[in-house]
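Listing of structure18.txt; format and content: compact mmCIF, C-alpha atoms and all ligand atoms.
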# COMPACT_ATOMS: atom_id res chain seq x y z
CA MET A 1 0.00 0.00 0.00
CA ALA A 2 1.27 3.42 -0.91
CA GLN A 3 2.07 5.77 1.95
CA VAL A 4 1.71 9.53 2.29
CA LEU A 5 4.59 11.85 3.09
CA PHE A 6 3.46 15.11 4.70
CA LEU A 7 5.77 18.11 5.00
CA ASP A 8 5.17 21.31 7.00
CA LEU A 9 7.78 24.06 7.15
CA ASP A 10 8.83 25.23 10.60
CA ALA A 11 7.98 28.83 11.59
CA PHE A 12 7.75 29.37 7.87
CA PHE A 13 7.52 33.14 7.29
CA ALA A 14 10.14 33.78 9.97
CA ALA A 15 12.45 31.08 8.61
CA VAL A 16 12.44 32.77 5.20
CA GLU A 17 13.30 36.13 6.75
CA LEU A 18 16.13 34.56 8.75
CA LEU A 19 17.78 33.32 5.56
CA ARG A 20 18.72 36.91 4.90
CA ARG A 21 19.44 37.76 8.51
CA PRO A 22 21.37 34.77 9.88
CA SER A 23 22.55 36.76 12.89
CA LEU A 24 18.97 36.62 14.24
CA ARG A 25 18.87 32.81 14.12
CA ASP A 26 18.60 32.12 17.85
CA ARG A 27 16.73 35.29 18.75
CA PRO A 28 13.00 35.68 19.29
CA VAL A 29 11.69 37.06 15.98
CA LEU A 30 8.11 37.98 15.09
CA ILE A 31 6.71 38.49 11.62
CA ALA A 32 3.96 41.07 11.77
CA VAL A 33 1.01 41.70 9.48
CA GLY A 34 -0.39 45.24 9.56
CA HIS A 35 2.98 46.59 10.62
CA PRO A 36 4.32 49.31 10.83
CA GLY A 37 2.00 51.46 12.85
CA GLY A 38 2.53 49.53 16.06
CA ARG A 39 -0.85 47.82 15.96
CA GLY A 40 -0.02 44.82 13.84
CA VAL A 41 -0.77 41.17 14.42
CA VAL A 42 1.79 38.36 14.73
CA SER A 43 1.61 36.07 11.71
CA THR A 44 4.34 33.79 12.98
CA ALA A 45 6.90 33.67 15.77
CA THR A 46 10.20 31.82 15.82
CA TYR A 47 10.50 29.00 18.33
CA PRO A 48 12.65 31.08 20.72
CA ALA A 49 9.79 33.64 20.77
CA ARG A 50 7.18 30.91 21.35
CA LYS A 51 8.91 30.10 24.63
CA PHE A 52 7.57 33.42 25.91
CA GLY A 53 4.02 32.43 24.99
CA VAL A 54 3.87 34.42 21.75
CA ARG A 55 1.50 32.88 19.18
CA SER A 56 0.19 33.52 15.66
CA GLY A 57 -2.76 35.89 15.69
CA MET A 58 -1.66 37.81 18.77
CA PRO A 59 -1.66 41.62 18.63
CA LEU A 60 1.89 42.78 18.30
CA ARG A 61 1.58 44.91 21.38
CA ARG A 62 0.65 41.95 23.53
CA ALA A 63 3.44 39.85 22.00
CA LEU A 64 5.95 42.57 22.82
CA SER A 65 4.75 42.80 26.39
CA LEU A 66 5.41 39.05 26.75
CA CYS A 67 8.73 39.26 24.95
CA PRO A 68 10.05 42.83 24.82
CA GLN A 69 13.38 41.81 23.33
CA ALA A 70 11.75 40.31 20.22
CA VAL A 71 12.84 41.57 16.82
CA VAL A 72 9.80 42.51 14.72
CA LEU A 73 9.92 42.24 10.94
CA PRO A 74 7.15 43.15 8.52
CA ALA A 75 5.68 40.31 6.42
CA ARG A 76 6.83 40.08 2.80
CA HIS A 77 4.35 37.68 1.27
CA HIS A 78 5.87 37.54 -2.20
CA LEU A 79 9.02 35.96 -0.75
CA TYR A 80 7.04 33.29 1.09
CA SER A 81 5.10 32.36 -2.05
CA ALA A 82 8.39 32.03 -3.91
CA TYR A 83 9.86 29.69 -1.27
CA SER A 84 6.65 27.72 -1.07
CA GLU A 85 6.98 27.16 -4.79
CA LYS A 86 10.60 26.02 -4.43
CA VAL A 87 9.56 23.38 -1.92
CA ARG A 88 6.82 22.13 -4.25
CA ARG A 89 9.32 21.93 -7.08
CA LEU A 90 11.77 19.96 -4.95
CA LEU A 91 9.05 17.44 -4.08
CA HIS A 92 7.91 17.23 -7.69
CA ALA A 93 11.43 16.31 -8.74
CA ARG A 94 11.39 13.36 -6.35
CA PHE A 95 7.84 12.06 -6.19
CA GLY A 96 5.29 11.23 -8.82
CA LYS A 97 2.26 12.62 -7.03
CA VAL A 98 2.49 15.87 -5.06
CA GLU A 99 -0.27 18.05 -3.69
CA ALA A 100 0.24 21.49 -2.18
CA LEU A 101 -2.16 21.86 0.73
CA SER A 102 -1.33 25.37 1.91
CA ILE A 103 1.47 27.86 1.62
CA ASP A 104 3.72 25.76 3.85
CA GLU A 105 2.25 22.26 3.71
CA ALA A 106 2.48 19.67 0.96
CA CYS A 107 2.05 15.93 0.67
CA ALA A 108 3.38 13.34 -1.73
CA GLU A 109 2.74 9.70 -2.51
CA VAL A 110 5.56 7.43 -1.40
CA GLU A 111 6.28 4.38 -3.53
CA GLU A 112 6.06 0.94 -2.02
CA GLY A 113 9.32 -0.52 -0.86
CA ALA A 114 10.86 2.77 0.27
CA ASP A 115 12.33 2.83 3.77
CA PRO A 116 10.04 5.49 5.31
CA GLU A 117 12.32 6.57 8.18
CA ARG A 118 15.20 7.14 5.84
CA LEU A 119 13.06 8.84 3.22
CA ALA A 120 11.60 11.30 5.75
CA ARG A 121 15.09 12.27 6.91
CA GLU A 122 16.38 12.56 3.36
CA VAL A 123 13.61 14.93 2.33
CA GLN A 124 14.13 16.99 5.47
CA ASP A 125 17.90 17.17 4.81
CA GLN A 126 17.35 18.13 1.20
CA VAL A 127 15.05 21.02 2.14
CA SER A 128 17.64 22.21 4.68
CA ARG A 129 20.56 21.87 2.31
CA GLU A 130 19.02 23.29 -0.85
CA LEU A 131 16.67 25.91 0.55
CA GLY A 132 18.07 26.58 4.01
CA LEU A 133 14.65 25.96 5.59
CA SER A 134 13.76 23.70 8.48
CA CYS A 135 10.76 21.43 8.07
CA THR A 136 8.96 18.57 9.77
CA VAL A 137 8.14 15.41 7.84
CA ALA A 138 5.69 12.63 8.65
CA ILE A 139 4.89 9.43 6.78
CA ALA A 140 1.67 7.51 7.38
CA SER A 141 -0.95 5.55 5.49
CA ASN A 142 -3.13 8.58 4.77
CA LYS A 143 -3.10 12.39 4.72
CA LEU A 144 -5.01 12.87 7.94
CA VAL A 145 -2.79 10.68 10.12
CA ALA A 146 0.34 12.10 8.49
CA LYS A 147 -0.79 15.67 9.19
CA VAL A 148 -1.61 14.98 12.82
CA ALA A 149 1.66 13.07 13.26
CA CYS A 150 3.66 15.92 11.76
CA GLU A 151 2.34 18.35 14.37
CA THR A 152 3.52 16.09 17.21
CA VAL A 153 7.21 16.28 16.28
CA LYS A 154 7.58 20.00 15.45
CA PRO A 155 9.98 21.62 14.89
CA HIS A 156 12.49 19.77 12.70
CA GLY A 157 11.21 16.30 13.52
CA THR A 158 10.46 13.22 11.48
CA ILE A 159 7.96 10.51 12.34
CA VAL A 160 6.63 7.36 10.71
CA ILE A 161 3.32 5.75 11.68
CA PRO A 162 3.36 2.15 10.42
CA PRO A 163 0.19 0.86 8.74
CA GLY A 164 -2.15 -0.62 11.33
CA LYS A 165 -0.81 1.58 14.14
CA GLU A 166 -2.93 4.64 13.32
CA GLU A 167 -5.51 4.29 16.10
CA GLU A 168 -2.93 3.45 18.71
CA PHE A 169 -0.90 6.52 17.76
CA LEU A 170 -3.90 8.89 17.75
CA ALA A 171 -5.60 7.64 20.94
CA PRO A 172 -3.66 9.62 23.61
CA LEU A 173 -3.63 12.92 21.67
CA PRO A 174 -5.98 15.77 22.63
CA VAL A 175 -9.03 15.70 20.39
CA GLU A 176 -8.44 19.24 19.08
CA ARG A 177 -5.42 17.92 17.21
CA LEU A 178 -7.82 16.50 14.62
CA PRO A 179 -8.24 18.79 11.63
CA GLY A 180 -11.76 20.20 11.64
CA VAL A 181 -12.08 20.26 15.43
CA GLY A 182 -12.25 24.01 15.97
CA PRO A 183 -13.14 25.79 19.23
CA LYS A 184 -16.89 25.17 18.86
CA THR A 185 -16.65 21.45 18.19
CA HIS A 186 -13.98 21.16 20.85
CA ASP A 187 -16.30 22.71 23.44
CA ARG A 188 -19.12 20.37 22.50
CA LEU A 189 -16.81 17.37 22.69
CA LEU A 190 -15.56 18.45 26.12
CA ARG A 191 -19.13 18.74 27.32
CA LEU A 192 -19.68 15.16 26.16
CA GLY A 193 -16.67 14.11 28.19
CA VAL A 194 -14.37 13.61 25.21
CA ARG A 195 -10.85 14.97 25.73
CA THR A 196 -8.67 12.63 23.72
CA ILE A 197 -8.93 11.14 20.27
CA GLY A 198 -9.15 7.71 21.89
CA GLU A 199 -12.19 8.81 23.90
CA LEU A 200 -13.76 9.99 20.66
CA ALA A 201 -12.97 6.68 18.96
CA ALA A 202 -14.76 4.86 21.78
CA ARG A 203 -18.08 6.53 20.87
CA SER A 204 -20.32 4.78 18.40
CA GLN A 205 -20.78 6.20 14.94
CA GLU A 206 -24.54 6.41 15.57
CA ALA A 207 -24.06 8.49 18.71
CA LEU A 208 -21.73 10.92 16.91
CA LEU A 209 -24.08 11.12 13.93
CA ARG A 210 -26.93 11.99 16.28
CA GLU A 211 -24.86 14.63 18.06
CA PHE A 212 -23.00 16.22 15.15
CA GLY A 213 -24.88 15.23 11.98
CA LYS A 214 -22.66 14.57 8.97
CA GLN A 215 -19.62 15.96 10.79
CA GLY A 216 -20.10 13.12 13.29
CA VAL A 217 -19.28 10.56 10.61
CA TYR A 218 -16.11 12.45 9.79
CA LEU A 219 -15.19 12.63 13.48
CA TRP A 220 -15.71 8.92 13.93
CA GLU A 221 -13.55 8.05 10.93
CA ALA A 222 -10.86 10.58 11.83
CA ALA A 223 -10.65 9.25 15.39
CA HIS A 224 -10.08 5.77 13.95
CA GLY A 225 -7.37 7.09 11.62
CA ILE A 226 -9.51 6.52 8.54
CA ASP A 227 -9.13 8.95 5.65
CA SER A 228 -9.61 8.06 2.02
CA THR A 229 -8.98 11.49 0.49
CA PRO A 230 -6.66 10.93 -2.42
CA ILE A 231 -3.56 12.96 -3.18
CA ARG A 232 -4.55 15.21 -6.04
CA PRO A 233 -1.42 15.48 -8.16
CA GLU A 234 -3.03 17.68 -10.78
CA TRP A 235 -3.79 20.09 -8.03
CA GLU A 236 -5.19 23.38 -9.12
CA PRO A 237 -6.43 25.90 -6.63
CA LYS A 238 -10.18 26.31 -6.60
CA SER A 239 -9.67 29.26 -4.35
CA ILE A 240 -6.88 31.09 -2.62
CA SER A 241 -7.45 32.68 0.74
CA ARG A 242 -5.86 34.17 3.79
CA GLU A 243 -7.39 34.75 7.16
CA THR A 244 -6.24 35.69 10.58
CA THR A 245 -7.76 35.26 14.01
CA PHE A 246 -6.96 38.08 16.39
CA ASP A 247 -6.60 36.97 19.94
CA ARG A 248 -8.23 40.24 20.97
CA ASP A 249 -11.13 41.54 18.93
CA VAL A 250 -10.34 44.42 16.58
CA ALA A 251 -12.69 47.26 15.65
CA ASP A 252 -10.32 49.78 14.11
CA LEU A 253 -11.06 50.28 10.42
CA ALA A 254 -7.53 51.42 9.58
CA ASP A 255 -6.06 48.27 11.13
CA LEU A 256 -8.53 46.01 9.39
CA ARG A 257 -7.94 47.74 6.11
CA LYS A 258 -4.20 47.20 6.42
CA VAL A 259 -4.73 43.49 7.00
CA LEU A 260 -6.98 43.30 3.92
CA GLU A 261 -4.38 45.10 1.82
CA GLU A 262 -1.67 42.69 2.89
CA PHE A 263 -3.89 39.72 2.16
CA SER A 264 -4.64 41.19 -1.28
CA HIS A 265 -0.95 41.32 -2.04
CA ALA A 266 -0.35 37.79 -0.77
CA ILE A 267 -3.26 36.43 -2.80
CA ALA A 268 -2.20 38.30 -5.92
CA ASP A 269 1.32 36.87 -5.56
CA GLU A 270 -0.01 33.37 -5.32
CA LEU A 271 -2.36 33.91 -8.26
CA ARG A 272 0.53 35.10 -10.37
CA ALA A 273 2.85 32.32 -9.26
CA ASP A 274 0.23 29.78 -10.32
CA ARG A 275 -0.77 31.79 -13.38
CA PHE A 276 -4.37 32.37 -12.49
CA LEU A 277 -6.76 35.30 -12.56
CA ALA A 278 -9.66 35.49 -10.14
CA LYS A 279 -13.23 36.45 -10.93
CA THR A 280 -14.77 36.48 -7.47
CA ILE A 281 -13.68 38.04 -4.21
CA VAL A 282 -14.94 36.85 -0.82
CA VAL A 283 -14.66 38.66 2.48
CA LYS A 284 -15.17 36.74 5.70
CA LEU A 285 -15.87 38.25 9.12
CA ARG A 286 -16.24 36.64 12.50
CA TYR A 287 -17.50 38.60 15.46
CA GLY A 288 -16.43 38.07 19.06
CA ASN A 289 -19.44 35.80 19.66
CA PHE A 290 -18.36 33.56 16.73
CA ASP A 291 -21.14 34.77 14.43
CA THR A 292 -19.53 34.39 11.04
CA LEU A 293 -20.55 35.87 7.75
CA SER A 294 -19.06 36.06 4.31
CA ARG A 295 -20.04 38.00 1.24
CA GLN A 296 -18.75 37.85 -2.26
CA VAL A 297 -18.63 40.01 -5.31
CA THR A 298 -18.02 39.03 -8.92
CA LEU A 299 -15.65 41.32 -10.75
CA PRO A 300 -16.34 42.76 -14.17
CA VAL A 301 -12.99 41.38 -15.38
CA ALA A 302 -10.84 38.64 -13.82
CA THR A 303 -7.73 40.01 -12.16
CA ALA A 304 -4.47 39.24 -10.35
CA ASP A 305 -3.75 42.87 -9.59
CA PRO A 306 -3.17 43.39 -5.85
CA LYS A 307 -4.45 46.98 -5.90
CA GLU A 308 -7.64 46.00 -7.66
CA ILE A 309 -8.23 43.07 -5.31
CA ALA A 310 -7.61 45.33 -2.32
CA GLU A 311 -9.99 47.97 -3.63
CA PHE A 312 -12.87 45.55 -4.19
CA ALA A 313 -12.12 43.76 -0.92
CA THR A 314 -12.19 46.98 1.09
CA ARG A 315 -15.40 48.14 -0.55
CA LEU A 316 -17.06 44.79 0.07
CA PHE A 317 -15.77 44.72 3.63
CA ARG A 318 -17.22 48.15 4.38
CA ALA A 319 -20.54 47.12 2.93
CA VAL A 320 -20.65 44.01 5.13
CA TRP A 321 -19.20 45.47 8.33
CA ARG A 322 -21.99 47.93 8.90
CA THR A 323 -22.34 47.35 12.62
CA GLU A 324 -18.66 48.04 13.28
CA ARG A 325 -18.79 45.48 16.06
CA PRO A 326 -15.33 44.22 17.06
CA LEU A 327 -14.06 41.36 14.93
CA ARG A 328 -12.37 38.19 16.02
CA LEU A 329 -11.37 37.11 12.54
CA VAL A 330 -11.05 38.65 9.14
CA GLY A 331 -10.44 36.73 5.94
CA LEU A 332 -10.11 37.41 2.27
CA GLY A 333 -10.33 34.91 -0.56
CA VAL A 334 -10.70 34.67 -4.30
CA HIS A 335 -12.34 31.98 -6.37
CA GLY A 336 -13.63 31.50 -9.85
CA LEU A 337 -10.02 31.11 -10.99
CA VAL A 338 -9.20 31.11 -14.67
CA ARG A 339 -5.84 30.49 -16.28
CA SER A 340 -4.03 33.65 -17.17
CA TRP A 341 -2.52 31.95 -20.20
CA PRO A 342 -2.53 28.45 -21.61
CA ARG A 343 -0.68 25.68 -19.84
CA GLY A 344 2.82 25.01 -21.10
CA VAL A 345 3.50 28.54 -22.30
CA SER A 346 6.82 29.51 -20.79
CA ASP A 347 7.52 32.75 -19.03
CA SER A 348 9.97 33.84 -21.72
CA GLU A 349 9.07 37.48 -21.31
CA GLY A 350 9.69 37.40 -17.60
CA LEU A 351 6.14 38.47 -16.89
CA LEU A 352 6.24 36.84 -13.51
CA GLY A 353 9.09 38.95 -12.21
CA GLU A 354 12.53 37.82 -11.12
CA GLU A 355 11.66 35.90 -7.98
CA ARG A 356 9.07 33.63 -9.53
CA GLY A 357 9.91 33.76 -13.19
CA ALA A 358 13.33 32.22 -13.38
CA GLY A 359 13.16 28.68 -14.68
CA ARG A 360 9.66 28.15 -13.39
CA GLN A 361 7.54 25.48 -15.00
CA ARG A 362 4.11 24.38 -14.07
CA LEU A 363 3.82 20.65 -13.82
P1 LIG A 401 1.82 27.28 10.26
O1 LIG A 401 2.38 26.09 9.55
O2 LIG A 401 0.57 27.12 11.05
O3 LIG A 401 2.91 27.89 11.25
P2 LIG A 401 4.47 28.06 11.11
O4 LIG A 401 4.98 27.44 9.85
O5 LIG A 401 4.82 29.48 11.30
O6 LIG A 401 5.02 27.29 12.37
P3 LIG A 401 5.06 25.72 12.63
O7 LIG A 401 4.52 25.04 11.41
O8 LIG A 401 6.50 25.42 12.86
O9 LIG A 401 4.22 25.52 13.84
O10 LIG A 401 1.55 28.45 9.24
C1 LIG A 401 2.38 28.70 8.10
C2 LIG A 401 2.53 30.18 7.86
O11 LIG A 401 1.26 30.79 7.67
C3 LIG A 401 3.17 30.93 9.01
O12 LIG A 401 4.59 30.96 8.95
C4 LIG A 401 2.58 32.30 8.92
C5 LIG A 401 1.24 32.09 8.27
N1 LIG A 401 0.16 32.24 9.28
C6 LIG A 401 -0.46 33.48 9.42
O13 LIG A 401 -0.16 34.42 8.69
N2 LIG A 401 -1.44 33.62 10.38
C7 LIG A 401 -1.80 32.60 11.22
O14 LIG A 401 -2.68 32.78 12.09
C8 LIG A 401 -1.14 31.31 11.07
C9 LIG A 401 -1.49 30.16 11.96
C10 LIG A 401 -0.18 31.19 10.10
MG MG A 402 4.44 25.48 9.33
So that I can check it, write out the structure of this file as structure tokens.
Ligand code: TTP
Ligand code: MG
Amino acid sequence: MAQVLFLDLDAFFAAVELLRRPSLRDRPVLIAVGHPGGRGVVSTATYPARKFGVRSGMPLRRALSLCPQAVVLPARHHLYSAYSEKVRRLLHARFGKVEALSIDEACAEVEEGADPERLAREVQDQVSRELGLSCTVAIASNKLVAKVACETVKPHGTIVIPPGKEEEFLAPLPVERLPGVGPKTHDRLLRLGVRTIGELAARSQEALLREFGKQGVYLWEAAHGIDSTPIRPEWEPKSISRETTFDRDVADLADLRKVLEEFSHAIADELRADRFLAKTIVVKLRYGNFDTLSRQVTLPVATADPKEIAEFATRLFRAVWRTERPLRLVGLGVHGLVRSWPRGVSDSEGLLGEERGAGRQRL
């Protein structure tokens, strides 16, 4: 049976910044969105900074009160997209089937007969050697188990879950480690007396179906380490999005606008790297009480222009956020993606810019 290799880069945005500032390697470093202006949000923190309790989504001011000596750098999304692409390319060169799952996560199908422990270490070493980035690699019989396993050995770990050992591995882990168990589901599970994945696995499928509807079936399967989602090698994004959860609610329009502008740039970079234009823009809001709403607008002409995306996003946001109640989360996405030019056409005119253009080929 084929196995799945799952790779997640460690403290990704920060790791990319440190490539150009090696002297900061062992220092606490924060990458801020919505910076400068002093009211940004932490998008990632290096592991030395995490020791002080700093987390993604925290207001910069709070992070700096926990760790005043931290070095704060503004996010440069175009660089992260470029490195994300390099990792995908490295995996493509080695494995037949590769799927990019997010900006810093990818999975690949591992051929039968490979020694999984060795393979995981080899891939990790190759990413370190060729790109200078640290990553964590897990190999398991499916995507779900590999993803959960990866999280348990961060940073710079490798782990292999042999076929048949999935349930045993998952059982002691806290139930919120399962993808899809957000704060709401977690609360409900706690109220039912379920703290660990093993305790979830002990419930019958019928009971979970009754309690959670269709999601209950997913929870039951996930708790048993069952996941039949295939690796989609011909992966094409159906949508590209960014969102951030503030750990204190935000109601300042200027701050929110800055976050939307940065997301617009990040999304536009990714669209261009993958040679897509987007027709629809979606804005997502979540209030402090978890009420969530999203609204979308279809553009007159498909675009990958960051300014245009930002303009429509801001307008849409203002139309939706009428109450001006403090927000817990803001997100921006695009869908309705169309190819900006036919597959196989090379970037001979350098239209993608130096960082992404050089030697790039879409597989
Ligand atoms: P993660 O993989 O969740 O985090 P990470 O790579 O920084 O750290 P690690 O995997 O070692 O735990 O997210 C990948 C990148 O996505 C991260 O570097 C920054 C960005 N990000 C945000 O911008 N906001 C967020 O709230 C989160 C969680 C991530
Ligand atoms: Mg990561």
Within 8 Å of ligand MG 402 (chain A) (counting all atoms listed in the file), which residues show up? I'd like them as a list in words. Asp8, Leu9, Asp10, Ala11, Phe12, Asp104, Glu105 and Cys135 of chain A
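Non-sequential neighbours of segment 70-77 of chain A (distance at most 6 Å, separation of 5 or more positions within a chain, only C-alpha atoms) are Pro28, Val29, Leu30, Ile31, Ala32, Val33, His35 and Ala266 of chain A.
With atom CA of Pro116 of chain A on one side and atom O3 of ligand LIG 401 (chain A) on the other, the separation reads 24.2 Å.
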At a cut-off of 12 Å, using all atoms listed in the file, what residues contact Val301 of chain A? Leave out same-chain residues fewer than 3 positions from it and give the result as a list in words. Leu277, Ala278, Lys279, Thr280, Ile281, Val297, Thr298, Ala304, Asp305, Glu308, Ile309, Phe312, Gly336, Leu337, Val338 and Ser340 of chain A
Hey, which residues come within 10 Å of ligand LIG 401 (chain A) if we count only C-alpha atoms and all ligand atoms? Could you give them as number ranges by chain? A: 7-16, 30-33, 41-47, 50, 55-58, 75, 77, 80, 102-105, 134-136, 150-151, 153-156, 242-247, 263, 329
Given all atoms listed in the file as the basis, pick out the residue of A:Ile139, A:Leu208, A:Val148, A:Ile240 nearest to Phe276 of chain A. A:Ile240
How many Å separate atom CA of Arg21 of chain A from atom CA of Cys67 of chain A?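 Taking atom CA of Arg21 of chain A as the start and atom CA of Cys67 of chain A as the end point, the length is 19.7 Å.
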Residues within 8 Å of segment 290-296 of chain A, all atoms listed in the file, excluding chain neighbours under 2 positions, as a ChimeraX atom specification: /A:280-288,298,316,320,328
Go through A:Leu200, A:Leu192, A:Ala319, A:Ile161 and flag the residue nearest Phe6 of chain A, using only C-alpha atoms for the distances.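 When distances to Phe6 of chain A are compared using only C-alpha atoms, the smallest one comes from A:Ile161.
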Counting all atoms listed in the file, the option among A:Leu253, A:Leu332, A:Ile231, A:Leu190 closest to Ala106 of chain A: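 Of A:Leu253, A:Leu332, A:Ile231, A:Leu190, the one nearest Ala106 of chain A, counting all atoms listed in the file, is A:Ile231.
Put simply, atom CA of Glu206 of chain A is 16.6 Å away from atom CA of Ile226 of chain A.
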Counting all atoms listed in the file, the residue of A:Glu112, A:Asp187, A:Glu122, A:Asp249 that sits nearest Arg94 of chain A: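 Nearest candidate to Arg94 of chain A out of A:Glu112, A:Asp187, A:Glu122, A:Asp249: A:Glu122.
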Please complete segment 63-70 of chain A with all heavy atoms and give it back as a compact mmCIF listing (two decimals), in the frame of the given file.
# COMPACT_ATOMS: atom_id res chain seq x y z
N ALA A 63 2.26 40.70 22.20
CA ALA A 63 3.44 39.85 22.00
C ALA A 63 4.68 40.54 22.57
O ALA A 63 5.50 39.91 23.24
CB ALA A 63 3.62 39.57 20.51
N LEU A 64 4.77 41.85 22.35
CA LEU A 64 5.95 42.57 22.82
C LEU A 64 5.93 42.76 24.34
O LEU A 64 6.98 42.93 24.95
CB LEU A 64 6.06 43.92 22.11
CG LEU A 64 6.54 43.79 20.66
CD1 LEU A 64 6.43 45.12 19.92
CD2 LEU A 64 7.96 43.25 20.58
N SER A 65 4.75 42.72 24.92
CA SER A 65 4.75 42.80 26.39
C SER A 65 5.21 41.46 26.99
O SER A 65 5.81 41.43 28.05
CB SER A 65 3.38 43.24 26.91
OG SER A 65 2.46 42.19 26.77
N LEU A 66 4.94 40.36 26.28
CA LEU A 66 5.41 39.05 26.75
C LEU A 66 6.91 38.88 26.48
O LEU A 66 7.61 38.21 27.21
CB LEU A 66 4.67 37.92 26.04
CG LEU A 66 3.18 37.77 26.34
CD1 LEU A 66 2.53 36.80 25.36
CD2 LEU A 66 3.00 37.25 27.77
N CYS A 67 7.36 39.48 25.38
CA CYS A 67 8.73 39.26 24.95
C CYS A 67 9.29 40.57 24.38
O CYS A 67 9.37 40.75 23.18
CB CYS A 67 8.72 38.15 23.88
SG CYS A 67 10.34 37.71 23.26
N PRO A 68 9.66 41.49 25.27
CA PRO A 68 10.05 42.83 24.82
C PRO A 68 11.31 42.84 23.95
O PRO A 68 11.49 43.74 23.15
CB PRO A 68 10.32 43.59 26.14
CG PRO A 68 9.86 42.69 27.23
CD PRO A 68 9.73 41.31 26.72
N GLN A 69 12.13 41.81 24.10
CA GLN A 69 13.38 41.81 23.33
C GLN A 69 13.20 41.26 21.91
O GLN A 69 14.17 41.16 21.16
CB GLN A 69 14.48 41.02 24.07
CG GLN A 69 14.25 39.53 24.19
CD GLN A 69 13.39 39.17 25.39
OE1 GLN A 69 12.36 39.79 25.67
NE2 GLN A 69 13.79 38.14 26.12
N ALA A 70 11.96 40.90 21.54
CA ALA A 70 11.75 40.31 20.22
C ALA A 70 12.07 41.30 19.11
O ALA A 70 11.83 42.49 19.23
CB ALA A 70 10.29 39.85 20.09
